[in-house]
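Undergrad: One file: coords-v1.txt (compact mmCIF, C-alpha atoms).
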```
# COMPACT_ATOMS: atom_id res chain seq x y z
CA MET A 1459 119.76 82.70 235.61
CA LYS A 1460 118.64 86.26 236.15
CA SER A 1461 115.75 87.62 234.18
CA GLU A 1462 116.32 90.30 231.57
CA SER A 1463 114.63 92.86 233.76
CA ALA A 1464 116.97 92.07 236.62
CA LEU A 1465 119.93 92.78 234.39
CA ARG A 1466 118.65 96.14 233.26
CA PRO A 1467 119.37 99.51 234.91
CA SER A 1468 117.59 100.09 238.20
CA ARG A 1469 117.55 103.82 237.70
CA GLU A 1470 117.55 106.12 234.69
CA GLY A 1471 120.90 106.21 232.91
CA ALA A 1472 122.51 103.58 235.18
CA LEU A 1473 124.74 100.86 233.80
CA HIS A 1474 125.20 97.52 235.49
CA GLY A 1475 124.94 93.79 234.83
CA GLN A 1476 124.93 92.82 231.15
CA PRO A 1477 125.66 96.33 229.80
CA LEU A 1478 128.86 96.49 231.88
CA LEU A 1479 129.81 92.98 230.77
CA LEU A 1480 129.39 93.94 227.13
CA LEU A 1481 131.48 97.06 227.78
CA ALA A 1482 134.24 94.87 229.25
CA VAL A 1483 134.29 92.61 226.18
CA LEU A 1484 134.30 95.66 223.90
CA THR A 1485 137.19 97.21 225.84
CA LEU A 1486 139.32 94.05 225.62
CA TYR A 1487 138.57 93.78 221.90
CA ASN A 1488 139.37 97.45 221.33
CA GLY A 1489 142.49 97.14 223.47
CA ALA A 1490 143.81 94.28 221.36
CA ASN A 1491 143.18 96.23 218.19
CA ALA A 1492 144.57 99.48 219.62
CA LEU A 1493 147.75 97.71 220.67
CA SER A 1494 148.47 96.30 217.22
CA GLY A 1495 145.80 97.47 214.80
CA VAL A 1496 147.03 101.04 214.51
CA PHE A 1497 150.45 99.68 213.54
CA VAL A 1498 149.26 97.21 210.89
CA PRO A 1499 149.07 99.98 208.22
CA VAL A 1500 152.53 101.15 209.32
CA TYR A 1501 153.83 97.56 209.13
CA LEU A 1502 152.52 97.24 205.57
CA PHE A 1503 153.70 100.72 204.58
CA LYS A 1504 157.26 99.99 205.71
CA ALA A 1505 157.49 97.12 203.21
CA ASN A 1506 157.23 99.28 200.08
CA GLN A 1507 156.44 102.86 201.17
CA SER A 1508 153.07 102.69 199.41
CA TYR A 1509 149.92 104.45 200.56
CA ALA A 1510 148.08 102.58 197.81
CA LEU A 1511 148.95 99.18 199.35
CA VAL A 1512 147.44 100.25 202.66
CA GLY A 1513 144.42 101.56 200.78
CA TRP A 1514 143.85 98.23 199.01
CA PHE A 1515 144.25 96.36 202.30
CA SER A 1516 141.59 98.59 203.87
CA LEU A 1517 139.30 98.35 200.84
CA LEU A 1518 139.30 94.55 200.92
CA GLN A 1519 138.88 94.59 204.70
CA TYR A 1520 135.77 96.77 204.47
CA ALA A 1521 134.34 94.82 201.51
CA ALA A 1522 134.78 91.49 203.31
CA GLY A 1523 133.26 92.95 206.49
CA GLY A 1524 130.16 94.20 204.71
CA LEU A 1525 129.66 90.94 202.81
CA CYS A 1526 130.16 88.93 206.01
CA VAL A 1527 127.56 90.99 207.87
CA TYR A 1528 125.00 90.38 205.14
CA LEU A 1529 125.68 86.64 204.86
CA ALA A 1530 126.06 86.05 208.60
CA GLY A 1531 122.68 87.57 209.39
CA SER A 1532 120.94 84.26 208.72
CA TRP A 1533 123.41 82.34 210.89
CA VAL A 1534 123.04 84.85 213.72
CA LYS A 1535 119.25 84.56 213.75
CA ARG A 1536 119.44 80.75 213.81
CA LYS A 1537 122.48 80.11 216.02
CA GLY A 1538 122.57 83.19 218.24
CA LEU A 1539 124.54 86.37 218.78
CA VAL A 1540 127.14 85.17 221.26
CA ALA A 1541 128.40 82.52 218.81
CA SER A 1542 128.91 85.21 216.16
CA LEU A 1543 130.64 87.50 218.67
CA ARG A 1544 133.09 84.78 219.70
CA THR A 1545 133.70 83.78 216.08
CA GLY A 1546 134.68 87.36 215.29
CA ILE A 1547 137.05 87.48 218.27
CA ALA A 1548 138.62 84.14 217.26
CA LEU A 1549 139.12 85.24 213.64
CA SER A 1550 140.67 88.52 214.82
CA GLY A 1551 143.15 86.48 216.81
CA GLY A 1552 143.74 84.37 213.70
CA PHE A 1553 144.51 87.51 211.71
CA TYR A 1554 147.28 88.58 214.09
CA MET A 1555 148.58 85.01 214.23
CA ALA A 1556 148.84 85.06 210.42
CA VAL A 1557 150.71 88.38 210.50
CA LEU A 1558 153.12 86.90 213.06
CA LEU A 1559 153.75 83.79 210.98
CA LEU A 1560 154.18 85.71 207.73
CA SER A 1561 156.51 88.26 209.34
CA GLY A 1562 158.33 90.17 206.58
CA LYS A 1563 156.18 88.54 203.88
CA ALA A 1564 152.96 90.07 205.26
CA ALA A 1565 152.90 92.87 202.65
CA ALA A 1566 152.85 90.27 199.85
CA TRP A 1567 149.77 88.76 201.50
CA ALA A 1568 148.01 92.08 202.13
CA ALA A 1569 144.92 91.09 200.11
CA PRO A 1570 144.05 87.83 201.93
CA LEU A 1571 144.99 89.43 205.25
CA GLY A 1572 142.56 92.25 204.55
CA LEU A 1573 139.81 89.76 203.70
CA LEU A 1574 140.47 87.79 206.90
CA ASN A 1575 140.45 90.86 209.12
CA GLY A 1576 137.28 92.16 207.46
CA THR A 1577 135.49 88.85 207.94
CA ALA A 1578 136.48 88.85 211.61
CA GLY A 1579 135.12 92.36 212.04
CA GLY A 1580 131.90 91.46 210.24
CA PHE A 1581 131.08 88.60 212.61
CA TYR A 1582 132.06 90.65 215.67
CA TRP A 1583 130.34 93.95 214.92
CA LEU A 1584 127.10 92.40 213.67
CA ALA A 1585 126.74 90.51 216.95
CA TYR A 1586 127.97 93.38 219.10
CA ASN A 1587 125.58 95.93 217.61
CA VAL A 1588 122.52 93.70 218.03
CA LEU A 1589 123.57 92.85 221.59
CA TYR A 1590 124.09 96.55 222.27
CA PHE A 1591 120.54 97.25 221.08
CA GLU A 1592 119.05 94.47 223.19
CA ILE A 1593 121.02 95.18 226.36
CA THR A 1594 120.68 98.97 226.47
CA GLU A 1595 117.59 101.16 226.76
CA LYS A 1596 116.79 104.57 225.38
CA ASP A 1597 117.38 106.20 228.77
CA ASN A 1598 120.89 104.77 229.19
CA ARG A 1599 122.05 104.54 225.56
CA ASP A 1600 123.82 107.91 225.57
CA ALA A 1601 125.49 107.02 228.88
CA TYR A 1602 126.60 103.68 227.45
CA ASN A 1603 128.01 105.32 224.31
CA GLY A 1604 129.79 107.90 226.42
CA MET A 1605 131.32 105.19 228.62
CA ALA A 1606 132.24 103.10 225.56
CA GLY A 1607 133.95 106.13 224.05
CA LEU A 1608 135.69 106.91 227.36
CA LEU A 1609 137.06 103.37 227.70
CA GLY A 1610 137.91 103.25 223.99
CA SER A 1611 139.88 106.46 224.35
CA ALA A 1612 141.64 105.11 227.45
CA VAL A 1613 142.90 101.99 225.68
CA GLY A 1614 143.51 104.03 222.54
CA MET A 1615 145.71 106.29 224.64
CA ALA A 1616 147.78 103.71 226.49
CA ALA A 1617 148.04 100.81 224.02
CA PRO A 1618 149.56 102.56 220.95
CA PHE A 1619 151.94 104.54 223.16
CA LEU A 1620 153.22 101.37 224.81
CA SER A 1621 153.41 99.66 221.42
CA GLY A 1622 155.47 102.52 220.05
CA LEU A 1623 157.89 102.26 222.98
CA VAL A 1624 158.22 98.49 222.53
CA ILE A 1625 158.80 98.74 218.78
CA ALA A 1626 161.30 101.58 219.13
CA GLY A 1627 163.14 99.83 221.96
CA SER A 1628 163.29 96.43 220.28
CA GLY A 1629 164.38 97.47 216.82
CA GLY A 1630 163.53 95.72 213.58
CA ASN A 1631 160.43 93.55 213.57
CA LYS A 1632 160.95 92.04 217.03
CA GLY A 1633 158.76 94.71 218.64
CA TYR A 1634 155.92 93.92 216.25
CA THR A 1635 156.14 90.27 217.26
CA VAL A 1636 155.77 91.25 220.92
CA ILE A 1637 152.74 93.51 220.47
CA PHE A 1638 150.95 91.16 218.07
CA SER A 1639 151.44 88.35 220.63
CA VAL A 1640 149.96 90.48 223.44
CA SER A 1641 146.98 91.26 221.20
CA LEU A 1642 146.40 87.53 220.80
CA ALA A 1643 146.26 87.19 224.59
CA LEU A 1644 143.73 90.03 224.88
CA PHE A 1645 141.51 88.45 222.23
CA GLY A 1646 141.65 85.23 224.26
CA ALA A 1647 140.53 87.10 227.39
CA ALA A 1648 137.67 88.74 225.45
CA ALA A 1649 136.52 85.33 224.20
CA LEU A 1650 136.49 83.90 227.73
CA LEU A 1651 134.58 86.88 229.14
CA SER A 1652 132.03 86.77 226.31
CA ALA A 1653 130.93 83.36 227.57
CA LYS A 1654 129.24 85.19 230.48
CA ILE A 1655 126.93 87.12 228.17
CA ARG A 1656 123.46 85.63 228.35
CA LYS A 1657 122.70 83.66 225.19
CA ARG A 1658 119.77 84.89 223.13
CA PRO A 1659 117.20 82.50 221.67
CA PRO A 1660 116.89 82.02 217.87
CA GLN A 1661 115.12 84.99 216.30
CA GLY A 1662 113.27 83.37 213.41
CA ARG A 1663 113.75 83.54 209.67
CA TYR A 1664 116.29 85.92 208.18
CA ARG A 1665 114.90 88.15 205.42
CA TRP A 1666 117.59 88.51 202.79
CA SER A 1667 115.80 91.28 200.87
CA PHE A 1668 114.94 93.35 203.95
CA PRO A 1669 117.51 96.20 203.45
CA ALA A 1670 116.34 96.91 199.90
CA ALA A 1671 112.67 96.52 200.83
CA GLU A 1672 113.02 98.90 203.78
CA LEU A 1673 114.63 101.59 201.65
CA ARG A 1674 111.89 101.29 199.02
CA GLN A 1675 109.22 102.26 201.56
CA ARG A 1676 108.51 105.96 201.17
CA ALA A 1677 107.52 106.40 204.82
CA SER A 1678 110.57 104.61 206.23
CA PRO A 1679 112.86 106.85 208.35
CA TRP A 1680 115.76 104.74 207.08
CA ARG A 1681 115.51 106.57 203.75
CA ARG A 1682 117.01 109.53 205.61
CA PHE A 1683 119.24 107.68 208.05
CA ALA A 1684 120.89 105.39 205.47
CA PRO A 1685 122.45 108.29 203.49
CA ALA A 1686 123.65 109.84 206.76
CA ILE A 1687 125.32 106.55 207.71
CA VAL A 1688 126.88 106.29 204.23
CA LEU A 1689 128.38 109.75 204.74
CA GLN A 1690 129.64 108.67 208.17
CA GLY A 1691 131.38 105.72 206.50
CA LEU A 1692 132.77 107.97 203.78
CA ARG A 1693 134.73 109.82 206.45
CA ASP A 1694 135.54 106.99 208.83
CA GLY A 1695 136.77 104.55 206.20
CA VAL A 1696 139.84 106.68 205.57
CA PHE A 1697 140.27 108.42 208.92
CA LEU A 1698 140.41 105.10 210.77
CA PHE A 1699 143.93 104.59 209.43
CA VAL A 1700 145.20 107.64 207.57
CA LEU A 1701 146.25 110.01 210.38
CA GLY A 1702 148.46 107.51 212.21
CA LEU A 1703 149.91 106.39 208.89
CA ALA A 1704 150.60 110.01 207.88
CA ILE A 1705 152.38 110.57 211.20
CA TYR A 1706 154.74 107.68 210.44
CA ALA A 1707 155.22 108.79 206.82
CA SER A 1708 156.25 112.28 207.99
CA THR A 1709 158.52 111.17 210.86
CA GLY A 1710 159.60 107.57 210.17
CA ALA A 1711 159.24 106.79 213.89
CA GLU A 1712 156.71 104.39 215.43
CA GLN A 1713 157.23 106.09 218.79
CA LYS A 1714 155.88 109.32 217.30
CA VAL A 1715 152.77 107.40 216.24
CA GLY A 1716 152.36 106.11 219.79
CA THR A 1717 152.79 109.60 221.23
CA TYR A 1718 150.22 110.93 218.78
CA TYR A 1719 147.62 108.39 219.97
CA LEU A 1720 148.53 109.07 223.60
CA VAL A 1721 147.80 112.78 223.29
CA THR A 1722 144.71 112.53 221.09
CA SER A 1723 143.15 109.70 223.08
CA LEU A 1724 143.65 111.61 226.33
CA VAL A 1725 141.68 114.48 224.82
CA GLY A 1726 139.07 112.05 223.48
CA MET A 1727 138.70 110.35 226.85
CA ALA A 1728 137.84 113.65 228.54
CA ALA A 1729 135.50 114.64 225.70
CA PHE A 1730 133.58 111.35 225.74
CA TRP A 1731 133.28 111.49 229.54
CA LEU A 1732 131.81 114.99 229.40
CA CYS A 1733 129.50 114.33 226.45
CA GLY A 1734 128.32 111.03 227.93
CA ARG A 1735 127.14 112.94 231.01
CA LYS A 1736 125.70 116.03 229.33
CA LEU A 1737 124.61 115.04 225.82
CA GLY A 1738 121.12 113.58 226.28
CA PRO A 1739 118.43 113.10 223.60
CA GLU A 1740 117.27 116.70 223.90
CA ARG A 1741 120.74 117.99 222.92
CA ARG A 1742 121.48 115.60 220.06
CA ARG A 1743 120.44 117.88 217.21
CA ALA A 1744 122.53 120.88 218.29
CA GLY A 1745 125.41 118.71 219.48
CA MET A 1746 125.69 116.82 216.22
CA LEU A 1747 125.61 120.03 214.17
CA VAL A 1748 128.42 121.56 216.21
CA GLY A 1749 130.35 118.31 216.01
CA THR A 1750 130.13 117.93 212.23
CA LEU A 1751 131.09 121.56 211.57
CA ALA A 1752 134.01 121.37 214.00
CA LEU A 1753 135.30 118.06 212.59
CA ALA A 1754 135.56 119.71 209.17
CA ALA A 1755 137.09 122.93 210.51
CA VAL A 1756 139.90 121.18 212.42
CA LEU A 1757 141.22 119.78 209.11
CA LEU A 1758 142.07 123.21 207.72
CA PRO A 1759 145.66 123.19 209.11
CA LEU A 1760 146.47 120.36 206.67
CA LEU A 1761 146.18 122.83 203.79
CA GLY A 1762 149.38 124.41 205.12
CA GLY A 1763 151.25 121.11 204.89
CA MET A 1764 150.95 117.58 206.33
CA THR A 1765 153.60 118.03 209.01
CA TYR A 1766 153.76 116.34 212.41
CA SER A 1767 152.54 119.49 214.15
CA SER A 1768 149.59 119.99 211.78
CA LEU A 1769 148.61 116.31 212.01
CA LEU A 1770 148.81 116.45 215.80
CA LEU A 1771 146.61 119.55 215.82
CA VAL A 1772 144.09 117.79 213.57
CA GLY A 1773 144.15 114.71 215.81
CA ILE A 1774 143.50 116.74 218.95
CA GLY A 1775 140.63 118.61 217.32
CA THR A 1776 139.13 115.39 215.97
CA ALA A 1777 139.31 113.72 219.38
CA LEU A 1778 137.74 116.74 221.03
CA PHE A 1779 134.71 117.03 218.75
CA SER A 1780 134.09 113.42 217.65
CA PRO A 1781 131.80 112.64 220.64
CA LEU A 1782 129.46 115.46 219.63
CA TYR A 1783 128.98 113.68 216.32
CA LEU A 1784 129.29 109.99 217.17
CA ILE A 1785 127.11 109.81 220.29
CA PRO A 1786 124.01 111.46 218.70
CA ILE A 1787 124.14 109.54 215.41
CA THR A 1788 124.84 106.17 217.08
CA SER A 1789 122.17 106.57 219.76
CA SER A 1790 119.59 107.88 217.29
CA VAL A 1791 120.11 104.99 214.87
CA PHE A 1792 119.60 102.40 217.59
CA ASP A 1793 116.64 104.29 219.04
CA LEU A 1794 115.17 104.01 215.55
CA MET A 1795 115.41 100.24 215.78
CA GLY A 1796 113.25 100.35 218.90
CA ARG A 1797 110.56 102.69 217.63
CA CYS A 1798 107.95 99.91 217.38
CA GLU A 1799 107.52 96.17 217.87
CA GLU A 1800 108.03 95.41 214.17
CA ALA A 1801 111.33 97.34 214.07
CA ALA A 1802 112.61 95.65 217.23
CA ALA A 1803 111.74 92.23 215.82
CA SER A 1804 113.81 93.12 212.73
CA ARG A 1805 116.83 94.23 214.76
CA VAL A 1806 119.25 91.84 213.00
CA GLU A 1807 118.13 92.96 209.54
CA LEU A 1808 118.24 96.63 210.57
CA THR A 1809 121.74 96.17 211.95
CA VAL A 1810 122.72 94.61 208.61
CA LEU A 1811 121.21 97.62 206.83
CA ARG A 1812 123.25 99.97 209.01
CA GLU A 1813 126.48 98.03 208.41
CA LEU A 1814 125.90 97.87 204.66
CA ALA A 1815 125.41 101.64 204.56
CA LEU A 1816 128.63 102.15 206.53
CA THR A 1817 130.46 99.76 204.21
CA ALA A 1818 129.23 101.56 201.10
CA GLY A 1819 130.56 104.86 202.41
CA ARG A 1820 133.87 103.35 203.47
CA LEU A 1821 134.44 101.74 200.09
CA VAL A 1822 133.81 104.99 198.24
CA GLY A 1823 136.09 106.92 200.60
CA VAL A 1824 138.94 104.41 200.32
CA LEU A 1825 138.60 104.24 196.53
CA ALA A 1826 139.05 108.01 196.44
CA PHE A 1827 142.09 107.62 198.72
CA ILE A 1828 143.61 104.96 196.42
CA TYR A 1829 143.02 107.17 193.38
CA ILE A 1830 144.84 110.11 194.96
CA ALA A 1831 147.57 107.83 196.36
CA GLY A 1832 148.37 106.59 192.86
CA ARG A 1833 148.85 110.10 191.53
CA SER A 1834 150.19 112.26 194.35
CA ALA A 1835 152.92 112.25 196.99
CA PRO A 1836 151.78 111.48 200.57
CA ASP A 1837 152.46 115.06 201.68
CA SER A 1838 150.83 116.72 198.66
CA LEU A 1839 148.07 119.30 198.78
CA ALA A 1840 145.79 116.84 196.94
CA PHE A 1841 145.78 114.57 200.01
CA ALA A 1842 144.92 117.51 202.26
CA TRP A 1843 141.96 118.50 200.06
CA LEU A 1844 140.77 114.88 199.95
CA LEU A 1845 140.80 114.65 203.75
CA LEU A 1846 138.99 117.97 204.02
CA ALA A 1847 136.28 116.80 201.60
CA LEU A 1848 135.82 113.48 203.39
CA GLY A 1849 135.89 115.17 206.80
CA ALA A 1850 133.10 117.55 205.77
CA ALA A 1851 130.79 114.74 204.55
CA PRO A 1852 129.00 114.31 207.94
CA ILE A 1853 127.66 117.87 207.65
CA ALA A 1854 125.41 116.64 204.82
CA GLY A 1855 124.59 113.63 206.98
CA TRP A 1856 123.31 115.94 209.73
CA ALA A 1857 121.11 117.70 207.16
CA PHE A 1858 119.51 114.38 206.20
CA ILE A 1859 118.48 113.45 209.75
CA ARG A 1860 118.24 116.80 211.57
CA ASP A 1861 114.45 116.56 211.90
CA ARG A 1862 114.79 113.03 213.34
CA LEU A 1863 117.14 114.08 216.14
CA ARG A 1864 114.44 115.65 218.32
CA PRO A 1865 113.48 113.68 221.45
CA GLU A 1866 110.18 111.82 221.17
CA ASP A 1867 107.23 113.04 223.18
CA SER A 1868 106.29 109.58 224.39
CA ALA A 1869 107.79 106.16 224.86
CA VAL A 1870 107.15 103.40 222.34
CA ARG A 1871 106.58 99.74 222.97
CA THR A 1872 108.98 97.17 221.59
CA ALA A 1873 109.60 93.48 222.02
CA ASP A 1874 112.38 92.33 224.33
CA PRO A 1875 114.76 89.55 223.24
CA ASP A 1876 112.35 86.93 224.55
CA GLY A 1877 109.43 88.30 222.54
CA HIS A 1878 107.57 90.10 225.38
CA ALA A 1879 106.41 93.65 224.99
CA ARG A 1880 107.99 96.36 227.10
CA ARG A 1881 108.27 100.12 227.07
CA ARG A 1882 111.35 101.82 225.68
CA GLY A 1883 112.43 105.33 226.52
```
Do you think you could lay out the structure here as structure tokens?
TA:
Amino acid sequence: MKSESALRPSREGALHGQPLLLLAVLTLYNGANALSGVFVPVYLFKANQSYALVGWFSLLQYAAGGLCVYLAGSWVKRKGLVASLRTGIALSGGFYMAVLLLSGKAAAWAAPLGLLNGTAGGFYWLAYNVLYFEITEKDNRDAYNGMAGLLGSAVGMAAPFLSGLVIAGSGGNKGYTVIFSVSLALFGAAALLSAKIRKRPPQGRYRWSFPAAELRQRASPWRRFAPAIVLQGLRDGVFLFVLGLAIYASTGAEQKVGTYYLVTSLVGMAAFWLCGRKLGPERRRAGMLVGTLALAAVLLPLLGGMTYSSLLLVGIGTALFSPLYLIPITSSVFDLMGRCEEAAASRVELTVLRELALTAGRLVGVLAFIYIAGRSAPDSLAFAWLLLALGAAPIAGWAFIRDRLRPEDSAVRTADPDGHARRRG
């Protein structure tokens, strides 16, 4: 077996070995979800034309994911990351299998389906984020995030478009059966490929009270980063499903949803490629500010009506400017985990803290969505104002961490996954 150092980049910013393998697993996982996941809200919405039902499904999904991350932390530290990653992939496959078996009754089972999908995501993303921290370095983290965004946009472009064609061409629910089945196959491929990721040794005792204890420390940088992550979740919790759903609600055509993701993901793919190459640590502060302001500004067309053209314009603008926001905040948070040996040794607990903050924001955002959905029509001005408010939340997040986005003057020493000290940065 190769040593960890042999699997790391041989030159600054390079990606090879384990980082590329993790990217491949991520791409298969994202591809499976892009193929079917964007149509799950549509599938549920078609049953009773209710935004609120989709909101409750998402709320339970996020709640289960956050709880799973917290509870699974102990298991991950004792049994290893790869086992958690593969469990998440297997449960994701189980979710789509359940949707297939339930068929037209899926809407009646929206609550348990949401809990199952959230649990699957909790196991997967906890393991993925810790592996991402261990496998990447400060000098290639922005490049990795750019490549991950590029590949995510590529599958996000092709998969929903193909799904829309299949659903439109098949008629009824037959098309959904086809795309959900293909997603199952992709999850299977991701599980097989994940077996090649080098297993990490047990990481010691899990500290259940760590998130609260960390936030109580006055000197902890997480007192600033946690609110910023909450505000990120406030936006993402709703935007992860609402734009595609609004496209279907305004047109009644799954093919329009697929076309929407084709166009916006093509823009996103180019934007992530460019930002991954140009947006290094020294440009994070300015880049994130521009990104947060632009992500709020592109939502203004919705105040004129939630039509297909205005939603498409919003989607294009969001895809264009999201990398300026997502790459700096993601890279900075994981750099924070490697700021010293103690932080690196607590990488599982810090990942749990990050996921809990995201979950808190997502729950608040979706609760606001459900409240508006129960009192307003889907194309009402109230929905537009809600999306504008949620979309502007990351601006406050930038204000919380702006002083922490400057590049460090010197590298710090952290512990590698085997417990040996090494330099980061």
Undergrad: Report, in Å to a single decimal, how far apart atom CA of A:Ala1752 and atom CA of A:Phe1497 are.
TA: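 It comes out at 27.2 Å.
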Undergrad: Compile the contact shell of A:Pro1669 as a list of chain:residue names: residues with an atom at most 8 Å away, counting only C-alpha atoms, same-chain residues fewer than 4 positions apart removed.
TA: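 Once the adjacent positions are removed, what remains is A:Leu1673, A:Glu1807, A:Leu1808, A:Val1810, A:Leu1811.
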Undergrad: Nearest to A:Leu1478: which of A:Trp1514, A:Phe1591, A:Phe1553, A:Tyr1602 is it, counting only C-alpha atoms?
TA: A:Tyr1602
Undergrad: Smallest atom-to-atom distance to A:Ser1804: which of A:Tyr1766, A:Phe1581, A:Phe1730, A:Phe1792, using all atoms listed in the file?
TA: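 Under the stated criterion, the closest residue is A:Phe1792.
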Undergrad: For atom CA of A:Leu1821 and atom CA of A:Leu1517, determine how far apart the two atoms are, in Å to one decimal place.
TA: 6.0 Å
Undergrad: Pick from A:Gly1531, A:Pro1786, A:Gly1572, A:Gly1849: nearest to A:Leu1549, with all atoms listed in the file counted?
TA: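 Under the stated criterion, the closest residue is A:Gly1572.
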Undergrad: Expressed in Å to a single decimal, how great is the separation between atom CA of A:Leu1839 and atom CA of A:Leu1698?
TA: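 Taking atom CA of A:Leu1839 and atom CA of A:Leu1698, their separation equals 20.1 Å.
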Undergrad: Go ahead and find all residues with at least one atom no further than 8 Å from (116.1, 103.1, 210.5) in the file's coordinates, using all atoms listed in the file; report them as a list in words.
TA: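 Residues with an atom close enough to that point: Ser1678, Pro1679, Trp1680, Arg1681, Phe1683, Ala1684, Val1791, Phe1792, Leu1794, Met1795, Leu1808 and Arg1812 of chain A.
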Undergrad: Between A:Ala1803, A:Ala1818, A:Met1764, A:Ile1705, which one has atoms that come closest to A:Leu1845, using all atoms listed in the file?
TA: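 Smallest distance to A:Leu1845 is found for A:Met1764.
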Undergrad: Pick from A:Leu1753, A:Leu1623, A:Ala1840, A:Ile1547: nearest to A:Val1715, with all atoms listed in the file counted?
TA: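 Among the listed residues, the smallest separation from A:Val1715 belongs to A:Leu1623.
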Undergrad: Given 6 Å of margin on each side, can you work out the centre and size in Å (one decimal) of an axis-aligned box holding every listed atom of stretch 1844-1858 of chain A, as lines of an AutoDock Vina configuration file?
TA:
```
center_x = 130.2
center_y = 115.7
center_z = 204.8
size_x = 33.3
size_y = 16.5
size_z = 21.8
```
Undergrad: For each of A:Gly1580, A:Pro1852, A:Pro1685, A:Gly1716, take the minimum atom-to-atom distance to A:Ile1625, counting all atoms listed in the file, then give the residue where this is smallest.
TA: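 Under the stated criterion, the closest residue is A:Gly1716.
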Undergrad: So which residues touch A:Leu1511 within 10 Å, counting all atoms listed in the file, skipping near sequence neighbours fewer than 5 positions away, as a list in words?
TA: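 So, after excluding close chain neighbours, the residues are Pro1499, Leu1502, Phe1503, Ala1505, Asn1506, Ser1516, Leu1517, Ala1565, Ala1566, Ala1568, Ala1569, Ile1828, Ala1831 and Gly1832 of chain A.
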Undergrad: Mind listing as a ChimeraX atom specification all residues within 6 Å of (132.7, 112.9, 230.4), counting all atoms listed in the file?
TA: /A:1728-1735
Undergrad: Name all residues at most 9 Å from A:Phe1827 (count all atoms listed in the file; drop same-chain ones fewer than 4 positions away) and give them as a PyMOL selection string.
TA: chain A and resi 1509-1510+1513+1696+1822-1823+1831-1832+1841+1844-1845
Undergrad: Find the spatial neighbours of A:Asn1491, counting all atoms listed in the file, within a cut-off of 9 Å - ignore same-chain residues fewer than 3 positions away - and output them as a ChimeraX atom specification.
TA: /A:1486-1488,1494-1496,1550,1614,1617,1641,1645
